[in-house]
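For reference, protein.csv is printed below; it contains CSV, C-alpha atoms.
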```
chain,number,residue,atom,x,y,z
A,1,MET,CA,105.2,104.8,108.4
A,2,HIS,CA,108.4,105.5,106.5
A,3,THR,CA,106.6,107.6,103.9
A,4,ALA,CA,107.3,110.8,105.9
A,5,ILE,CA,111.0,109.9,106.4
A,6,LEU,CA,112.0,108.4,103.1
A,7,PRO,CA,111.4,111.4,100.9
A,8,ARG,CA,113.5,113.5,103.2
A,9,ARG,CA,116.3,111.0,103.2
A,10,ALA,CA,116.0,110.7,99.5
A,11,LEU,CA,116.1,114.5,99.1
A,12,ARG,CA,119.2,114.6,101.2
A,13,ALA,CA,120.8,111.8,99.2
A,14,GLU,CA,120.0,113.6,96.0
A,15,ARG,CA,121.6,116.8,97.3
A,16,ASP,CA,124.7,114.8,98.2
A,17,TYR,CA,124.9,113.6,94.7
A,18,PHE,CA,124.6,117.1,93.3
A,19,LEU,CA,127.4,118.2,95.7
A,20,ALA,CA,129.5,115.3,94.5
A,21,PHE,CA,128.7,116.4,90.9
A,22,ILE,CA,130.0,119.9,91.6
A,23,ILE,CA,133.1,118.7,93.5
A,24,LEU,CA,134.0,116.4,90.6
A,25,GLY,CA,133.4,119.1,88.0
A,26,VAL,CA,135.5,121.6,89.9
A,27,ILE,CA,138.3,119.1,90.3
A,28,GLY,CA,138.1,118.6,86.5
A,29,VAL,CA,138.2,122.4,85.9
A,30,LEU,CA,141.3,122.7,88.2
A,31,LEU,CA,143.1,119.8,86.5
A,32,GLY,CA,142.2,121.1,83.1
A,33,PHE,CA,142.7,124.8,83.4
A,34,ALA,CA,145.1,125.4,86.3
A,35,PRO,CA,148.3,124.2,84.4
A,36,PRO,CA,147.8,126.4,81.3
A,37,SER,CA,146.6,129.3,83.6
A,38,TRP,CA,149.8,129.0,85.6
A,39,LEU,CA,151.9,129.0,82.4
A,40,ARG,CA,150.0,132.1,81.3
A,41,PHE,CA,150.7,133.9,84.6
A,42,GLN,CA,154.4,132.9,84.1
A,43,GLY,CA,154.3,134.5,80.7
A,44,GLN,CA,154.8,131.2,79.0
A,45,ALA,CA,151.3,130.7,77.4
A,46,ASP,CA,151.4,129.0,74.0
A,47,TYR,CA,148.7,131.3,72.5
A,48,PRO,CA,147.5,134.9,73.1
A,49,ALA,CA,144.4,135.7,75.2
A,50,PRO,CA,142.7,138.8,73.9
A,51,LEU,CA,139.9,140.5,75.8
A,52,ALA,CA,137.2,138.3,74.3
A,53,LEU,CA,138.9,135.2,75.7
A,54,GLN,CA,139.4,136.8,79.1
A,55,ILE,CA,135.8,137.8,79.3
A,56,HIS,CA,134.8,134.3,78.2
A,57,ALA,CA,136.9,132.7,80.9
A,58,GLY,CA,135.5,135.1,83.6
A,59,LEU,CA,131.9,134.4,82.7
A,60,PHE,CA,132.3,130.6,82.6
A,61,LEU,CA,134.2,130.6,85.9
A,62,GLY,CA,131.3,132.8,87.1
A,63,TRP,CA,128.9,130.0,86.1
A,64,VAL,CA,130.9,127.4,88.1
A,65,ALA,CA,130.9,129.7,91.1
A,66,LEU,CA,127.2,130.3,90.7
A,67,ILE,CA,126.2,126.7,90.4
A,68,THR,CA,128.4,125.8,93.4
A,69,THR,CA,126.7,128.5,95.5
A,70,GLN,CA,123.3,127.5,94.3
A,71,VAL,CA,123.9,123.9,95.4
A,72,LEU,CA,125.1,125.1,98.8
A,73,PHE,CA,122.1,127.4,99.2
A,74,VAL,CA,119.7,124.5,98.5
A,75,ARG,CA,121.5,122.2,100.9
A,76,GLN,CA,121.1,124.9,103.6
A,77,GLY,CA,117.4,125.5,102.8
A,78,GLN,CA,118.1,129.0,101.6
A,79,ILE,CA,115.5,128.8,98.8
A,80,GLY,CA,114.8,132.5,98.7
A,81,LEU,CA,118.5,133.3,98.1
A,82,HIS,CA,118.7,130.4,95.6
A,83,ARG,CA,115.8,132.0,93.6
A,84,ARG,CA,117.3,135.5,93.7
A,85,LEU,CA,120.7,134.3,92.6
A,86,GLY,CA,119.0,132.2,89.9
A,87,ALA,CA,117.8,135.4,88.3
A,88,PHE,CA,121.4,136.5,88.0
A,89,GLY,CA,122.1,133.1,86.4
A,90,ALA,CA,119.4,133.7,83.8
A,91,ALA,CA,121.2,136.9,82.8
A,92,LEU,CA,124.6,135.2,82.8
A,93,ILE,CA,123.5,132.6,80.2
A,94,PRO,CA,123.1,134.9,77.1
A,95,ALA,CA,126.4,136.7,78.1
A,96,MET,CA,128.1,133.3,78.2
A,97,ALA,CA,126.7,132.4,74.8
A,98,ILE,CA,127.8,135.6,73.1
A,99,SER,CA,131.3,135.5,74.7
A,100,SER,CA,131.6,131.9,73.5
A,101,VAL,CA,131.0,132.8,69.9
A,102,PHE,CA,133.8,135.3,69.9
A,103,ALA,CA,136.2,133.4,72.1
A,104,GLU,CA,135.8,130.1,70.2
A,105,THR,CA,136.0,131.6,66.7
A,106,TYR,CA,139.1,133.6,67.7
A,107,SER,CA,140.7,130.4,69.1
A,108,GLU,CA,139.9,128.4,66.0
A,109,LYS,CA,141.2,131.1,63.7
A,110,PHE,CA,144.4,131.1,65.7
A,111,ALA,CA,144.5,127.3,65.4
A,112,ALA,CA,144.0,127.5,61.6
A,113,ILE,CA,147.1,129.7,61.3
A,114,HIS,CA,149.4,127.7,63.5
A,115,ALA,CA,148.1,124.2,62.9
A,116,PRO,CA,146.1,124.2,59.6
A,117,GLY,CA,143.1,121.8,59.7
A,118,GLN,CA,142.7,121.9,63.5
A,119,GLN,CA,140.0,124.7,63.3
A,120,ARG,CA,137.6,121.7,62.7
A,121,PHE,CA,137.6,121.5,66.5
A,122,LEU,CA,134.9,124.3,66.3
A,123,ILE,CA,132.4,121.4,66.2
A,124,ILE,CA,133.0,120.7,69.9
A,125,PRO,CA,132.1,124.2,71.3
A,126,ILE,CA,129.1,124.3,68.9
A,127,PHE,CA,127.9,121.0,70.3
A,128,SER,CA,128.6,121.9,74.0
A,129,LEU,CA,127.2,125.4,73.8
A,130,GLY,CA,124.1,124.4,71.8
A,131,LEU,CA,123.1,121.7,74.2
A,132,PHE,CA,124.1,123.7,77.2
A,133,LEU,CA,121.6,126.4,76.1
A,134,VAL,CA,118.9,123.9,75.4
A,135,PHE,CA,119.1,122.3,78.8
A,136,THR,CA,119.7,125.4,80.9
A,137,ILE,CA,117.0,127.4,79.3
A,138,ALA,CA,114.6,124.5,79.6
A,139,GLY,CA,115.7,124.2,83.3
A,140,LEU,CA,114.9,127.9,83.9
A,141,VAL,CA,111.5,127.7,82.1
A,142,LEU,CA,110.6,124.6,84.2
A,143,ARG,CA,112.0,126.0,87.4
A,144,ARG,CA,108.8,125.5,89.3
A,145,ASP,CA,109.3,121.7,89.0
A,146,ALA,CA,112.3,121.4,91.3
A,147,GLU,CA,113.3,117.8,90.1
A,148,LEU,CA,113.1,118.7,86.4
A,149,HIS,CA,114.9,122.0,87.0
A,150,ARG,CA,117.8,120.4,88.9
A,151,ARG,CA,118.4,117.7,86.4
A,152,LEU,CA,118.2,120.0,83.3
A,153,ILE,CA,120.6,122.5,84.9
A,154,PHE,CA,123.0,119.7,85.7
A,155,LEU,CA,122.7,118.1,82.3
A,156,GLY,CA,123.7,121.5,80.8
A,157,THR,CA,126.5,122.0,83.3
A,158,ALA,CA,127.9,118.5,82.6
A,159,LEU,CA,128.6,119.8,79.0
A,160,LEU,CA,130.4,122.8,80.3
A,161,PHE,CA,132.6,120.9,82.7
A,162,GLY,CA,133.6,118.8,79.7
A,163,ALA,CA,135.6,121.8,78.5
A,164,ALA,CA,138.1,121.3,81.3
B,1,MET,CA,148.4,123.7,70.4
B,2,ALA,CA,148.2,120.4,72.1
B,3,TYR,CA,144.7,121.2,73.4
B,4,HIS,CA,143.4,120.6,69.8
B,5,GLY,CA,144.8,117.1,69.6
B,6,MET,CA,142.8,113.9,69.5
B,7,GLY,CA,143.5,113.1,73.2
B,8,PHE,CA,141.8,116.4,74.2
B,9,PHE,CA,138.9,115.7,71.9
B,10,ILE,CA,138.2,112.3,73.6
B,11,ARG,CA,138.9,113.7,77.1
B,12,ARG,CA,136.4,116.5,76.6
B,13,PHE,CA,133.6,113.9,76.0
B,14,LEU,CA,134.9,111.7,78.8
B,15,MET,CA,134.5,114.4,81.5
B,16,THR,CA,130.9,115.1,80.5
B,17,ASP,CA,130.1,111.3,80.3
B,18,VAL,CA,131.5,110.7,83.8
B,19,LEU,CA,129.2,113.4,85.1
B,20,LEU,CA,126.2,111.9,83.2
B,21,VAL,CA,126.9,108.5,84.7
B,22,LEU,CA,126.9,110.2,88.1
B,23,LEU,CA,123.4,111.7,87.4
B,24,ALA,CA,122.1,108.3,86.2
B,25,VAL,CA,123.5,106.5,89.3
B,26,MET,CA,121.9,109.2,91.5
B,27,ASP,CA,118.5,108.6,89.9
B,28,TRP,CA,118.8,104.8,90.4
B,29,ARG,CA,119.9,105.1,94.0
B,30,VAL,CA,117.5,107.9,95.0
B,31,LYS,CA,114.5,107.3,92.8
B,32,GLY,CA,114.9,103.6,92.1
B,33,ARG,CA,114.9,104.2,88.3
B,34,LEU,CA,116.2,106.6,85.7
B,35,GLN,CA,114.0,109.7,85.6
B,36,PRO,CA,112.7,110.5,82.1
B,37,VAL,CA,114.4,113.9,81.9
B,38,THR,CA,117.8,112.3,82.8
B,39,ALA,CA,117.3,109.5,80.2
B,40,ILE,CA,116.3,111.9,77.5
B,41,GLY,CA,119.2,114.3,78.3
B,42,ILE,CA,121.8,111.5,78.3
B,43,THR,CA,120.4,110.1,75.1
B,44,VAL,CA,120.6,113.4,73.3
B,45,ILE,CA,124.1,114.2,74.5
B,46,VAL,CA,125.5,110.8,73.7
B,47,ALA,CA,123.8,110.7,70.3
B,48,ALA,CA,125.3,114.1,69.5
B,49,GLU,CA,128.7,112.8,70.6
B,50,ILE,CA,128.3,109.8,68.3
B,51,VAL,CA,127.2,112.0,65.3
B,52,ILE,CA,129.9,114.7,65.6
B,53,THR,CA,132.9,112.3,66.2
B,54,PRO,CA,133.0,111.1,62.5
B,55,LEU,CA,131.8,114.5,61.3
B,56,TYR,CA,134.9,116.1,62.9
B,57,PHE,CA,137.2,114.3,60.6
B,58,THR,CA,135.5,115.1,57.3
B,59,ASP,CA,136.7,117.6,54.7
B,60,TRP,CA,133.1,118.8,54.5
B,61,TRP,CA,133.1,119.9,58.1
B,62,LEU,CA,136.5,121.6,57.6
B,63,GLY,CA,134.9,123.6,54.7
B,64,VAL,CA,131.9,124.5,56.9
B,65,THR,CA,134.3,125.6,59.7
B,66,ASP,CA,136.3,127.9,57.3
B,67,THR,CA,133.1,129.5,56.1
B,68,ILE,CA,131.9,130.1,59.7
B,69,LEU,CA,135.3,131.5,60.8
B,70,ALA,CA,135.5,133.8,57.8
B,71,ALA,CA,132.4,135.7,59.2
B,72,PHE,CA,134.2,136.5,62.5
B,73,PRO,CA,137.1,138.8,63.5
B,74,GLY,CA,140.3,137.2,64.7
B,75,PRO,CA,143.9,136.7,63.9
```
Just dump the structure as structure tokens.
Amino acid sequence: MHTAILPRRALRAERDYFLAFIILGVIGVLLGFAPPSWLRFQGQADYPAPLALQIHAGLFLGWVALITTQVLFVRQGQIGLHRRLGAFGAALIPAMAISSVFAETYSEKFAAIHAPGQQRFLIIPIFSLGLFLVFTIAGLVLRRDAELHRRLIFLGTALLFGAA
Amino acid sequence: MAYHGMGFFIRRFLMTDVLLVLLAVMDWRVKGRLQPVTAIGITVIVAAEIVITPLYFTDWWLGVTDTILAAFPGP
């Protein structure tokens, strides 16, 4: 008798968890990036931000906005819009990867000049970006299985939120 | 360059790991058990964290980093 009700309740609970995931991630992004961004707008940044870094920041903020919008579309049952926006996300992923290569190598070269040895930090973006690509591309390929798709996209996104 | 310090290095993993715990809790609460894809994903990510943490401090990795960086433009 509960079989028709429980899956719906379970689905709603799952969507609540994904919303909590996004809220937690966005709070992390704000806590991590708002202070240095504020300093940059005040002209007090401790390192330069060439175009490659600005594009990189814009694309990754775009991913956060995209994933937030996608969660809200699914919660509202707007699956058609979710799929159409998902195609944009598929195009965003390679752009994010390319921008990361130039932004991270620039940052580590800058670090090597001002704090020799700290360029070893490059291992972190290689780890994050590599696994982000594995999980999100798998999530896109397996998009017809909604449960797999959701989990793979969120596994990838958890790696990006770690950058905050 | 405080963002390159050890504290940032640990915090970067911590944020990801907190979100992974949230995914695991979701599976247990909603599905009654950890789903295979979540289990595999968490295992892969945590295993990578465990491998790269000691690697980060080796001279070998510093040499690899310098070789990679030499191939790219920058300051």
Interface list for chain B, partner chain A, 7 Å threshold, all atoms listed in the file, as an mmCIF file with C-alpha atoms, keeping the file's coordinate frame:
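What landed in selection_7.cif:
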```cif
data_model
loop_
_atom_site.group_PDB
_atom_site.id
_atom_site.type_symbol
_atom_site.label_atom_id
_atom_site.label_comp_id
_atom_site.auth_asym_id
_atom_site.auth_seq_id
_atom_site.Cartn_x
_atom_site.Cartn_y
_atom_site.Cartn_z
ATOM 1 C CA HIS B 4 143.400 120.600 69.800
ATOM 2 C CA ARG B 12 136.400 116.500 76.600
ATOM 3 C CA PHE B 13 133.600 113.900 76.000
ATOM 4 C CA MET B 15 134.500 114.400 81.500
ATOM 5 C CA THR B 16 130.900 115.100 80.500
ATOM 6 C CA LEU B 19 129.200 113.400 85.100
ATOM 7 C CA LEU B 20 126.200 111.900 83.200
ATOM 8 C CA MET B 26 121.900 109.200 91.500
ATOM 9 C CA VAL B 30 117.500 107.900 95.000
ATOM 10 C CA VAL B 37 114.400 113.900 81.900
ATOM 11 C CA THR B 38 117.800 112.300 82.800
ATOM 12 C CA GLY B 41 119.200 114.300 78.300
ATOM 13 C CA TYR B 56 134.900 116.100 62.900
ATOM 14 C CA TRP B 61 133.100 119.900 58.100
ATOM 15 C CA LEU B 62 136.500 121.600 57.600
ATOM 16 C CA THR B 65 134.300 125.600 59.700
ATOM 17 C CA LEU B 69 135.300 131.500 60.800
ATOM 18 C CA PHE B 72 134.200 136.500 62.500
ATOM 19 C CA PRO B 73 137.100 138.800 63.500
ATOM 20 C CA GLY B 74 140.300 137.200 64.700
ATOM 21 C CA PRO B 75 143.900 136.700 63.900
#
```
Item to check | Length of the CA of Ala65 in chain A to CA of Leu19 in chain A vector [Å] | outcome: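 Straight-line distance from CA of Ala65 in chain A to CA of Leu19 in chain A works out to 12.9 Å.
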Checklist entry - Between CA of Gly86 in chain A and CA of Thr69 in chain A, what is the spacing in Å? => result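 Computing the Euclidean distance for CA of Thr69 in chain A and CA of Gly86 in chain A yields 10.2 Å.
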Next on the checklist: Report, in Å to a single decimal, how far apart CA of Leu140 in chain A and CA of Ile153 in chain A are.
Outcome noted: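 We find that CA of Ile153 in chain A and CA of Leu140 in chain A lie 7.9 Å from each other.
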Neighbours of Gln70 in chain A within 8 Å (only C-alpha atoms; same-chain residues fewer than 2 positions away dropped), as a short mmCIF file (atom, residue, chain, number, x, y, z; two decimals) with C-alpha atoms, keeping the file's coordinate frame?
```
data_model
loop_
_atom_site.label_atom_id
_atom_site.label_comp_id
_atom_site.auth_asym_id
_atom_site.auth_seq_id
_atom_site.Cartn_x
_atom_site.Cartn_y
_atom_site.Cartn_z
CA LEU A 66 127.20 130.30 90.70
CA ILE A 67 126.20 126.70 90.40
CA THR A 68 128.40 125.80 93.40
CA LEU A 72 125.10 125.10 98.80
CA PHE A 73 122.10 127.40 99.20
CA VAL A 74 119.70 124.50 98.50
CA HIS A 82 118.70 130.40 95.60
CA LEU A 85 120.70 134.30 92.60
CA GLY A 86 119.00 132.20 89.90
#
```
Could you pull range 28-46 of chain A out of the structure I just pasted and write it to a file containing N, CA, C and O atoms, as a compact mmCIF listing (two decimals), in the first residue's frame?
```txt
# COMPACT_ATOMS: atom_id res chain seq x y z
N GLY A 28 30.37 27.44 1.08
CA GLY A 28 31.82 27.22 1.03
C GLY A 28 32.49 28.15 0.02
O GLY A 28 33.54 28.74 0.29
N VAL A 29 31.87 28.29 -1.16
CA VAL A 29 32.41 29.17 -2.20
C VAL A 29 32.44 30.62 -1.70
O VAL A 29 33.44 31.33 -1.87
N LEU A 30 31.35 31.04 -1.06
CA LEU A 30 31.29 32.42 -0.54
C LEU A 30 32.35 32.65 0.53
O LEU A 30 33.04 33.67 0.51
N LEU A 31 32.46 31.69 1.45
CA LEU A 31 33.45 31.84 2.53
C LEU A 31 34.88 31.83 1.99
O LEU A 31 35.75 32.56 2.47
N GLY A 32 35.09 30.99 0.96
CA GLY A 32 36.44 30.85 0.42
C GLY A 32 36.85 31.96 -0.53
O GLY A 32 37.98 32.44 -0.50
N PHE A 33 35.92 32.38 -1.38
CA PHE A 33 36.30 33.31 -2.45
C PHE A 33 35.86 34.76 -2.21
O PHE A 33 36.42 35.67 -2.83
N ALA A 34 34.87 34.98 -1.36
CA ALA A 34 34.41 36.36 -1.15
C ALA A 34 35.49 37.26 -0.56
O ALA A 34 35.71 38.37 -1.08
N PRO A 35 36.21 36.83 0.50
CA PRO A 35 37.23 37.73 1.06
C PRO A 35 38.32 38.13 0.06
O PRO A 35 38.59 39.33 -0.11
N PRO A 36 38.96 37.16 -0.66
CA PRO A 36 39.98 37.60 -1.63
C PRO A 36 39.39 38.40 -2.79
O PRO A 36 40.05 39.30 -3.32
N SER A 37 38.13 38.09 -3.18
CA SER A 37 37.49 38.86 -4.26
C SER A 37 37.27 40.29 -3.81
O SER A 37 37.47 41.24 -4.57
N TRP A 38 36.85 40.46 -2.55
CA TRP A 38 36.62 41.79 -2.00
C TRP A 38 37.93 42.59 -1.99
O TRP A 38 37.96 43.75 -2.39
N LEU A 39 39.02 41.92 -1.56
CA LEU A 39 40.32 42.59 -1.55
C LEU A 39 40.73 43.00 -2.97
O LEU A 39 41.30 44.07 -3.18
N ARG A 40 40.42 42.12 -3.94
CA ARG A 40 40.77 42.43 -5.32
C ARG A 40 40.01 43.66 -5.80
O ARG A 40 40.58 44.54 -6.46
N PHE A 41 38.72 43.75 -5.49
CA PHE A 41 37.93 44.91 -5.90
C PHE A 41 38.42 46.18 -5.19
O PHE A 41 38.23 47.28 -5.70
N GLN A 42 39.03 46.00 -4.02
CA GLN A 42 39.58 47.15 -3.29
C GLN A 42 40.99 47.51 -3.79
O GLN A 42 41.61 48.44 -3.26
N GLY A 43 41.48 46.72 -4.75
CA GLY A 43 42.82 46.96 -5.27
C GLY A 43 43.92 46.46 -4.36
O GLY A 43 45.06 46.93 -4.42
N GLN A 44 43.59 45.52 -3.46
CA GLN A 44 44.58 45.03 -2.49
C GLN A 44 44.87 43.54 -2.67
O GLN A 44 45.28 42.87 -1.72
N ALA A 45 44.66 43.03 -3.88
CA ALA A 45 44.91 41.60 -4.13
C ALA A 45 46.39 41.28 -3.99
O ALA A 45 47.23 42.13 -4.29
N ASP A 46 46.70 40.07 -3.50
CA ASP A 46 48.11 39.72 -3.29
C ASP A 46 48.74 39.04 -4.50
O ASP A 46 49.89 38.62 -4.46
```
